[in-house]
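Raw work-v8.cif, mmCIF, C-alpha atoms:
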```
data_structure
loop_
_atom_site.label_atom_id
_atom_site.label_comp_id
_atom_site.auth_asym_id
_atom_site.auth_seq_id
_atom_site.Cartn_x
_atom_site.Cartn_y
_atom_site.Cartn_z
CA MET A 1 55.32 -34.86 127.61
CA LYS A 2 51.83 -34.83 129.06
CA GLU A 3 50.42 -33.54 125.77
CA LYS A 4 52.13 -36.37 123.87
CA HIS A 5 50.69 -39.00 126.20
CA THR A 6 47.24 -37.43 125.80
CA SER A 7 47.45 -37.32 122.02
CA ILE A 8 48.29 -41.03 121.66
CA PRO A 9 44.90 -42.32 122.95
CA LEU A 10 43.10 -39.70 120.88
CA THR A 11 44.99 -40.80 117.79
CA ILE A 12 44.16 -44.44 118.42
CA LEU A 13 40.51 -43.57 119.04
CA SER A 14 40.39 -41.54 115.81
CA LEU A 15 41.88 -44.45 113.86
CA LEU A 16 39.32 -46.85 115.32
CA ILE A 17 36.44 -44.53 114.48
CA GLY A 18 37.82 -44.07 110.98
CA LEU A 19 38.09 -47.83 110.55
CA VAL A 20 34.48 -48.32 111.66
CA ILE A 21 33.33 -45.70 109.15
CA LEU A 22 35.40 -47.15 106.31
CA PHE A 23 34.58 -50.80 107.05
CA PRO A 24 31.33 -50.92 104.99
CA ILE A 25 33.11 -49.36 102.02
CA ILE A 26 36.01 -51.81 102.31
CA TRP A 27 33.55 -54.70 102.56
CA LEU A 28 31.69 -53.38 99.49
CA VAL A 29 34.86 -53.18 97.38
CA LEU A 30 36.15 -56.61 98.44
CA SER A 31 32.74 -58.24 97.95
CA SER A 32 32.53 -56.87 94.41
CA PHE A 33 35.47 -59.15 93.51
CA LYS A 34 33.87 -62.28 94.97
CA PRO A 35 32.20 -64.90 92.74
CA SER A 36 28.41 -64.91 92.99
CA GLY A 37 28.37 -68.18 94.92
CA GLU A 38 30.75 -66.81 97.53
CA LEU A 39 28.71 -63.73 98.50
CA PHE A 40 26.35 -65.64 100.78
CA ALA A 41 28.58 -68.59 101.61
CA TYR A 42 28.74 -69.59 105.27
CA PRO A 43 30.93 -68.81 107.05
CA LEU A 44 31.43 -65.40 105.45
CA HIS A 45 34.90 -64.52 104.21
CA PHE A 46 36.18 -60.96 104.51
CA LEU A 47 38.65 -61.46 101.66
CA PRO A 48 37.58 -63.09 98.37
CA THR A 49 39.01 -66.60 98.13
CA GLN A 50 38.78 -66.60 94.32
CA PRO A 51 38.93 -62.95 93.17
CA THR A 52 37.31 -62.20 89.84
CA ILE A 53 36.55 -59.10 87.76
CA GLU A 54 33.82 -60.75 85.70
CA HIS A 55 31.15 -58.64 87.41
CA TYR A 56 32.90 -55.42 86.39
CA VAL A 57 33.32 -56.70 82.84
CA SER A 58 29.63 -57.64 82.70
CA VAL A 59 28.52 -54.26 84.01
CA LEU A 60 30.74 -52.29 81.64
CA GLU A 61 29.74 -54.39 78.63
CA GLY A 62 26.10 -53.68 79.50
CA GLY A 63 26.51 -50.00 78.64
CA PHE A 64 27.08 -48.80 82.19
CA MET A 65 29.47 -46.04 81.11
CA GLY A 66 26.63 -44.44 79.16
CA TYR A 67 24.67 -44.14 82.41
CA VAL A 68 27.76 -42.68 84.08
CA GLY A 69 27.93 -40.07 81.32
CA ASN A 70 24.28 -39.14 81.85
CA SER A 71 24.85 -38.75 85.59
CA LEU A 72 27.98 -36.67 85.01
CA PHE A 73 26.11 -34.33 82.69
CA LEU A 74 23.27 -34.01 85.19
CA ALA A 75 25.58 -33.41 88.15
CA VAL A 76 28.09 -31.09 86.48
CA VAL A 77 25.64 -28.89 84.57
CA GLY A 78 23.17 -28.78 87.46
CA THR A 79 25.92 -27.85 89.90
CA LEU A 80 27.26 -25.05 87.69
CA ILE A 81 23.82 -23.51 87.27
CA THR A 82 23.10 -23.88 90.99
CA LEU A 83 26.37 -22.15 91.90
CA LEU A 84 25.66 -19.22 89.59
CA ILE A 85 22.07 -18.71 90.74
CA SER A 86 22.89 -19.16 94.43
CA ALA A 87 25.84 -16.75 94.25
CA MET A 88 23.83 -14.08 92.42
CA CYS A 89 20.83 -14.36 94.75
CA GLY A 90 23.02 -14.38 97.84
CA TYR A 91 24.90 -11.32 96.53
CA ALA A 92 21.70 -9.38 95.87
CA LEU A 93 20.15 -10.25 99.25
CA ALA A 94 23.31 -9.27 101.11
CA ILE A 95 24.60 -6.20 99.26
CA TYR A 96 21.26 -4.47 98.68
CA ARG A 97 19.74 -5.17 102.08
CA PHE A 98 19.93 -1.46 102.99
CA GLU A 99 19.03 -0.09 99.55
CA ILE A 100 15.94 -2.06 98.53
CA ARG A 101 12.85 -2.47 100.68
CA TYR A 102 11.56 -5.89 101.65
CA VAL A 103 14.85 -7.66 100.84
CA ASN A 104 14.87 -9.32 104.26
CA LEU A 105 11.23 -10.29 103.77
CA VAL A 106 12.10 -11.99 100.48
CA PHE A 107 14.92 -13.86 102.20
CA GLY A 108 12.50 -14.94 104.93
CA VAL A 109 10.20 -16.38 102.27
CA PHE A 110 13.17 -18.34 100.90
CA LEU A 111 13.82 -19.77 104.35
CA LEU A 112 10.17 -20.71 104.81
CA GLY A 113 10.49 -22.80 101.66
CA THR A 114 12.86 -25.13 103.50
CA LEU A 115 9.98 -26.13 105.80
CA ILE A 116 8.06 -27.68 102.89
CA PRO A 117 8.76 -31.44 102.63
CA GLY A 118 10.29 -32.30 99.27
CA GLU A 119 7.84 -35.16 98.76
CA THR A 120 4.90 -32.71 98.59
CA LEU A 121 6.51 -30.99 95.60
CA THR A 122 6.82 -34.13 93.50
CA VAL A 123 3.43 -33.86 91.78
CA PRO A 124 3.68 -30.09 91.04
CA GLN A 125 7.22 -30.54 89.73
CA PHE A 126 6.15 -33.37 87.44
CA SER A 127 3.20 -31.30 86.18
CA VAL A 128 5.47 -28.35 85.35
CA ILE A 129 8.03 -30.63 83.69
CA SER A 130 5.35 -32.20 81.50
CA ALA A 131 3.85 -28.80 80.61
CA MET A 132 7.29 -27.52 79.54
CA GLY A 133 7.84 -30.54 77.30
CA LEU A 134 10.80 -31.76 79.36
CA TYR A 135 9.47 -35.24 80.11
CA ASN A 136 12.02 -37.91 79.16
CA ASN A 137 14.63 -35.16 78.85
CA ILE A 138 17.70 -34.87 81.06
CA TRP A 139 17.00 -31.14 81.40
CA GLY A 140 13.78 -32.07 83.15
CA CYS A 141 15.98 -33.42 85.98
CA ILE A 142 18.16 -30.30 86.07
CA LEU A 143 16.03 -27.16 85.72
CA PRO A 144 13.37 -27.80 88.40
CA VAL A 145 15.97 -28.07 91.18
CA VAL A 146 18.68 -25.58 90.19
CA THR A 147 17.73 -23.21 93.00
CA THR A 148 18.56 -24.24 96.53
CA THR A 149 17.78 -22.27 99.65
CA THR A 150 20.84 -23.73 101.36
CA GLY A 151 23.17 -22.32 98.69
CA ILE A 152 21.51 -18.90 98.75
CA PHE A 153 21.74 -18.82 102.54
CA MET A 154 25.42 -19.79 102.52
CA TYR A 155 26.36 -17.11 99.99
CA ARG A 156 24.24 -14.43 101.67
CA GLN A 157 25.76 -15.02 105.09
CA HIS A 158 29.25 -14.95 103.60
CA TYR A 159 28.69 -11.75 101.63
CA MET A 160 27.21 -10.07 104.69
CA SER A 161 30.53 -10.64 106.47
CA ILE A 162 32.36 -8.70 103.74
CA PRO A 163 32.53 -4.89 104.30
CA LEU A 164 30.33 -2.95 101.86
CA SER A 165 33.30 -0.66 101.25
CA PHE A 166 34.69 -3.31 98.88
CA ALA A 167 31.72 -2.87 96.55
CA GLU A 168 31.64 0.90 97.00
CA ALA A 169 35.32 1.22 96.09
CA ALA A 170 34.75 -0.79 92.93
CA ARG A 171 31.77 1.42 91.98
CA ILE A 172 33.90 4.53 92.43
CA ASP A 173 36.48 3.00 90.09
CA GLY A 174 33.74 2.65 87.47
CA ALA A 175 33.06 -1.08 87.77
CA SER A 176 29.61 -2.33 86.76
CA GLU A 177 27.47 -4.42 89.09
CA TRP A 178 28.38 -7.57 87.14
CA GLN A 179 32.08 -6.74 87.41
CA ILE A 180 31.75 -6.13 91.15
CA PHE A 181 29.99 -9.46 91.56
CA SER A 182 32.21 -11.57 89.28
CA ARG A 183 35.62 -10.01 89.93
CA VAL A 184 35.39 -8.84 93.54
CA MET A 185 32.72 -10.61 95.55
CA LEU A 186 32.59 -14.04 93.91
CA PRO A 187 36.34 -14.78 94.32
CA LEU A 188 36.03 -13.83 98.01
CA GLY A 189 33.44 -16.59 98.41
CA SER A 190 35.64 -19.41 97.10
CA ASN A 191 35.26 -21.48 100.28
CA VAL A 192 31.46 -21.31 100.00
CA THR A 193 31.69 -22.20 96.31
CA ILE A 194 33.79 -25.29 96.99
CA THR A 195 31.54 -26.47 99.82
CA LEU A 196 28.38 -26.00 97.77
CA THR A 197 30.01 -27.70 94.79
CA ILE A 198 30.57 -30.86 96.81
CA PHE A 199 27.07 -30.86 98.31
CA SER A 200 25.34 -30.09 95.02
CA PHE A 201 27.33 -32.63 93.00
CA MET A 202 26.75 -35.41 95.52
CA TRP A 203 23.05 -34.63 95.78
CA ARG A 204 22.52 -34.74 92.02
CA TRP A 205 24.79 -37.74 91.54
CA ASN A 206 22.80 -39.71 94.10
CA ASP A 207 19.37 -38.38 93.09
CA TYR A 208 16.94 -41.19 92.36
CA ILE A 209 13.34 -39.99 92.62
CA LEU A 210 13.31 -37.17 90.06
CA PRO A 211 15.19 -39.07 87.30
CA LEU A 212 12.93 -42.06 87.94
CA LEU A 213 9.83 -39.90 87.40
CA VAL A 214 11.14 -37.92 84.43
CA LEU A 215 13.17 -40.38 82.36
CA SER A 216 11.51 -43.25 80.51
CA ASP A 217 14.11 -43.98 77.81
CA GLN A 218 16.66 -46.46 79.13
CA LYS A 219 19.47 -44.77 77.17
CA LYS A 220 18.89 -41.60 79.22
CA TYR A 221 18.91 -43.33 82.61
CA THR A 222 21.22 -42.07 85.32
CA ILE A 223 23.54 -44.33 87.26
CA GLN A 224 21.17 -44.78 90.21
CA ILE A 225 18.29 -45.98 88.03
CA ALA A 226 20.70 -48.26 86.16
CA ILE A 227 21.72 -49.92 89.42
CA LYS A 228 18.06 -50.44 90.26
CA ASN A 229 17.60 -52.32 86.99
CA PHE A 230 19.75 -55.16 88.35
CA ILE A 231 16.76 -56.00 90.55
CA GLY A 232 14.56 -58.10 88.29
CA ASN A 233 11.42 -60.18 88.57
CA THR A 234 13.43 -63.37 88.92
CA GLY A 235 15.80 -62.14 91.60
CA VAL A 236 18.51 -59.67 92.53
CA ASP A 237 21.87 -59.65 90.77
CA TRP A 238 23.89 -58.75 93.86
CA SER A 239 27.26 -59.21 92.18
CA SER A 240 26.45 -56.66 89.48
CA ILE A 241 24.95 -54.27 92.03
CA LEU A 242 28.14 -54.38 94.09
CA ALA A 243 30.36 -53.79 91.06
CA ALA A 244 28.16 -50.96 89.79
CA SER A 245 28.06 -49.39 93.26
CA VAL A 246 31.86 -49.34 93.44
CA LEU A 247 32.02 -47.69 90.02
CA SER A 248 29.41 -45.13 91.10
CA ILE A 249 31.45 -43.86 94.06
CA ILE A 250 34.66 -43.33 92.07
CA PRO A 251 33.65 -39.87 90.69
CA ILE A 252 32.76 -38.68 94.21
CA ILE A 253 36.15 -39.80 95.50
CA ILE A 254 37.92 -38.07 92.60
CA LEU A 255 35.99 -34.85 93.27
CA PHE A 256 36.94 -34.92 96.94
CA ILE A 257 40.61 -35.58 96.12
CA ILE A 258 40.67 -32.63 93.72
CA LEU A 259 38.99 -30.22 96.15
CA GLN A 260 40.58 -31.55 99.34
CA LYS A 261 43.42 -29.02 99.41
CA TYR A 262 40.96 -26.16 98.96
CA ILE A 263 38.77 -27.48 101.78
CA ILE A 264 41.75 -27.78 104.11
CA GLY A 265 42.95 -24.34 103.03
CA GLY A 266 39.56 -22.85 103.78
CA VAL A 267 39.46 -24.41 107.23
CA THR A 268 43.00 -23.18 107.96
CA THR A 269 42.13 -19.66 106.80
CA GLY A 270 39.02 -19.65 108.98
CA GLY A 271 41.08 -20.76 111.98
CA ASP A 272 43.67 -18.04 111.39
CA LYS A 273 40.94 -15.40 111.26
CA GLY A 274 39.55 -16.64 114.56
#
```

Encoded form (structure tokens):
Amino acid sequence: MKEKHTSIPLTILSLLIGLVILFPIIWLVLSSFKPSGELFAYPLHFLPTQPTIEHYVSVLEGGFMGYVGNSLFLAVVGTLITLLISAMCGYALAIYRFEIRYVNLVFGVFLLGTLIPGETLTVPQFSVISAMGLYNNIWGCILPVVTTTTGIFMYRQHYMSIPLSFAEAARIDGASEWQIFSRVMLPLGSNVTITLTIFSFMWRWNDYILPLLVLSDQKKYTIQIAIKNFIGNTGVDWSSILAASVLSIIPIIILFIILQKYIIGGVTTGGDKG
């Protein structure tokens, strides 16, 4: 009985914290249905008094779905390449740490790269992109940032927790290094893959600086640059910004819903191992 009485306040506290976190999102969604004149009316209304979808219609008729498609291509392709490179690098740094000299030194250099502020790399990245002929090309937003030290670190630490006997047994059975990696080690890192998928997709979906520097053709704009275009010289179209912002978070919510059961499963598995 004492545990039940203790859990009730914790549940109420959790609900209150959750409500505080969700309140800005709820306000955003409700405000996107308000007429333009009602957004800054005083006193403010939490619920729209005259709901309308004209802002969504205006945004969609303005070619917004084309920008969504560009962002999806950038996020999906970039994430897939990042997962492959991170998994392969993490595998090599973990499995061959006793067989190849200086592997730990190479990994240390990777970690030192995280100390470099991203802003200092903007000019070198743009110079390389221009030299490769990728300016105003969506691939110019993908290739320069496909490697991530965070992903390599996550995979390496996970593979180091797996006994080397797994790989040795596969070698004895005649498996190639690619087969060991793709059929044995990679499936064992599914929790890392799912976590990195979410982080990588969100990062690329919300990326603003690199697409702004690389893309000049409006048809190739990503969703974040498209939202910025609602800020003009004559003012800010807040109604369109709100509607576009709501549309921009839908893919992230869908991704989380799809991967939620795997995330929960990974947490449960980790707790059982503990």

- Distance CA of Pro35 in chain A-CA of Val57 in chain A, one decimal place? 12.9 Å

- Query: What lies within 12 Å of Glu38 in chain A using only C-alpha atoms, ignoring chain neighbours under 3 positions off, as a ChimeraX atom specification?
  - Reply: /A:30-35,41-52,238-239

Quick one: write out the picked residues with C-alpha atoms as a short mmCIF file (atom, residue, chain, number, x, y, z; two decimals), in the frame of the given file?
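The result, written out as out.cif:
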```
data_model
loop_
_atom_site.label_atom_id
_atom_site.label_comp_id
_atom_site.auth_asym_id
_atom_site.auth_seq_id
_atom_site.Cartn_x
_atom_site.Cartn_y
_atom_site.Cartn_z
CA LEU A 30 36.15 -56.61 98.44
CA SER A 31 32.74 -58.24 97.95
CA SER A 32 32.53 -56.87 94.41
CA PHE A 33 35.47 -59.15 93.51
CA LYS A 34 33.87 -62.28 94.97
CA PRO A 35 32.20 -64.90 92.74
CA ALA A 41 28.58 -68.59 101.61
CA TYR A 42 28.74 -69.59 105.27
CA PRO A 43 30.93 -68.81 107.05
CA LEU A 44 31.43 -65.40 105.45
CA HIS A 45 34.90 -64.52 104.21
CA PHE A 46 36.18 -60.96 104.51
CA LEU A 47 38.65 -61.46 101.66
CA PRO A 48 37.58 -63.09 98.37
CA THR A 49 39.01 -66.60 98.13
CA GLN A 50 38.78 -66.60 94.32
CA PRO A 51 38.93 -62.95 93.17
CA THR A 52 37.31 -62.20 89.84
CA TRP A 238 23.89 -58.75 93.86
CA SER A 239 27.26 -59.21 92.18
#
```

- Item | Separation of CA of Ile81 in chain A from CA of Ile194 in chain A, in Å and rounded to one decimal | 14.0 Å

- Query: Any chance you could work out the residue set of the PyMOL selection byres ((chain A and resi 120-124) around 12) here, as a VMD selection string?
  - Reply: chain A and resid 113 to 119 125 to 131 141 144 to 145 209 to 214

Using the selection just defined, write its residues with C-alpha atoms as a short mmCIF file (atom, residue, chain, number, x, y, z; two decimals), in the coordinates of the input.
```cif
data_model
loop_
_atom_site.label_atom_id
_atom_site.label_comp_id
_atom_site.auth_asym_id
_atom_site.auth_seq_id
_atom_site.Cartn_x
_atom_site.Cartn_y
_atom_site.Cartn_z
CA GLY A 113 10.49 -22.80 101.66
CA THR A 114 12.86 -25.13 103.50
CA LEU A 115 9.98 -26.13 105.80
CA ILE A 116 8.06 -27.68 102.89
CA PRO A 117 8.76 -31.44 102.63
CA GLY A 118 10.29 -32.30 99.27
CA GLU A 119 7.84 -35.16 98.76
CA GLN A 125 7.22 -30.54 89.73
CA PHE A 126 6.15 -33.37 87.44
CA SER A 127 3.20 -31.30 86.18
CA VAL A 128 5.47 -28.35 85.35
CA ILE A 129 8.03 -30.63 83.69
CA SER A 130 5.35 -32.20 81.50
CA ALA A 131 3.85 -28.80 80.61
CA CYS A 141 15.98 -33.42 85.98
CA PRO A 144 13.37 -27.80 88.40
CA VAL A 145 15.97 -28.07 91.18
CA ILE A 209 13.34 -39.99 92.62
CA LEU A 210 13.31 -37.17 90.06
CA PRO A 211 15.19 -39.07 87.30
CA LEU A 212 12.93 -42.06 87.94
CA LEU A 213 9.83 -39.90 87.40
CA VAL A 214 11.14 -37.92 84.43
#
```

Let me have the centre and edge lengths in Å, one decimal, of the box along x, y and z around every listed atom of range 68-78 of chain A with 5 Å of margin on each side, as AutoDock Vina command-line options.
```
--center_x 25.6 --center_y -35.7 --center_z 84.7 --size_x 14.9 --size_y 23.9 --size_z 16.8
```

Within 9 Å of range 243-260 of chain A: each range 41-64 of chain A residue with its shortest pair, all atoms listed in the file, as CSV:
```
residue,atom,partner,partner_atom,distance
A:Ile53,CA,A:Ala243,CA,8.8
A:His55,CA,A:Ala243,CA,6.1
A:Tyr56,CA,A:Ala243,CA,5.6
A:Val59,CA,A:Ala244,CA,6.7
A:Leu60,CA,A:Ala244,CA,8.7
A:Phe64,CA,A:Ala244,CA,8.0
```

- Taking all atoms listed in the file into account, which of A:Ser240, A:Ser86, A:Ser36, A:Ser200 comes nearest Gln157 in chain A? A:Ser86

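The coordinates place CA of Trp205 in chain A at 9.4 Å from CA of Val68 in chain A.
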
- Message: Which residues, named as in the file, does the PyMOL selection byres ((chain A and resi 154) around 10) pick out? Answer as a VMD selection string.
- Response: chain A and resid 86 to 87 90 149 to 153 155 to 159 189 192 to 193 195 to 196

- Residues in the PyMOL selection byres ((chain A and resi 219-233) around 7), expressed as a ChimeraX atom specification: /A:67-68,70-71,206,208,212,215,217-218,234-237,240-241,244

- Message: Measuring between all atoms listed in the file, which one of A:Leu19, A:Leu93, A:Leu39, A:Ile138 shows the shortest distance to Val77 in chain A?
- Response: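 Closest residue, counting all atoms listed in the file: A:Ile138.
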
- Message: For Phe201 in chain A, find every residue with an atom within 8 Å (counting all atoms listed in the file), except residues of its own chain fewer than 2 positions away, and show them as a PyMOL selection string.
- Response: chain A and resi 75-76+78-79+197-199+203-205
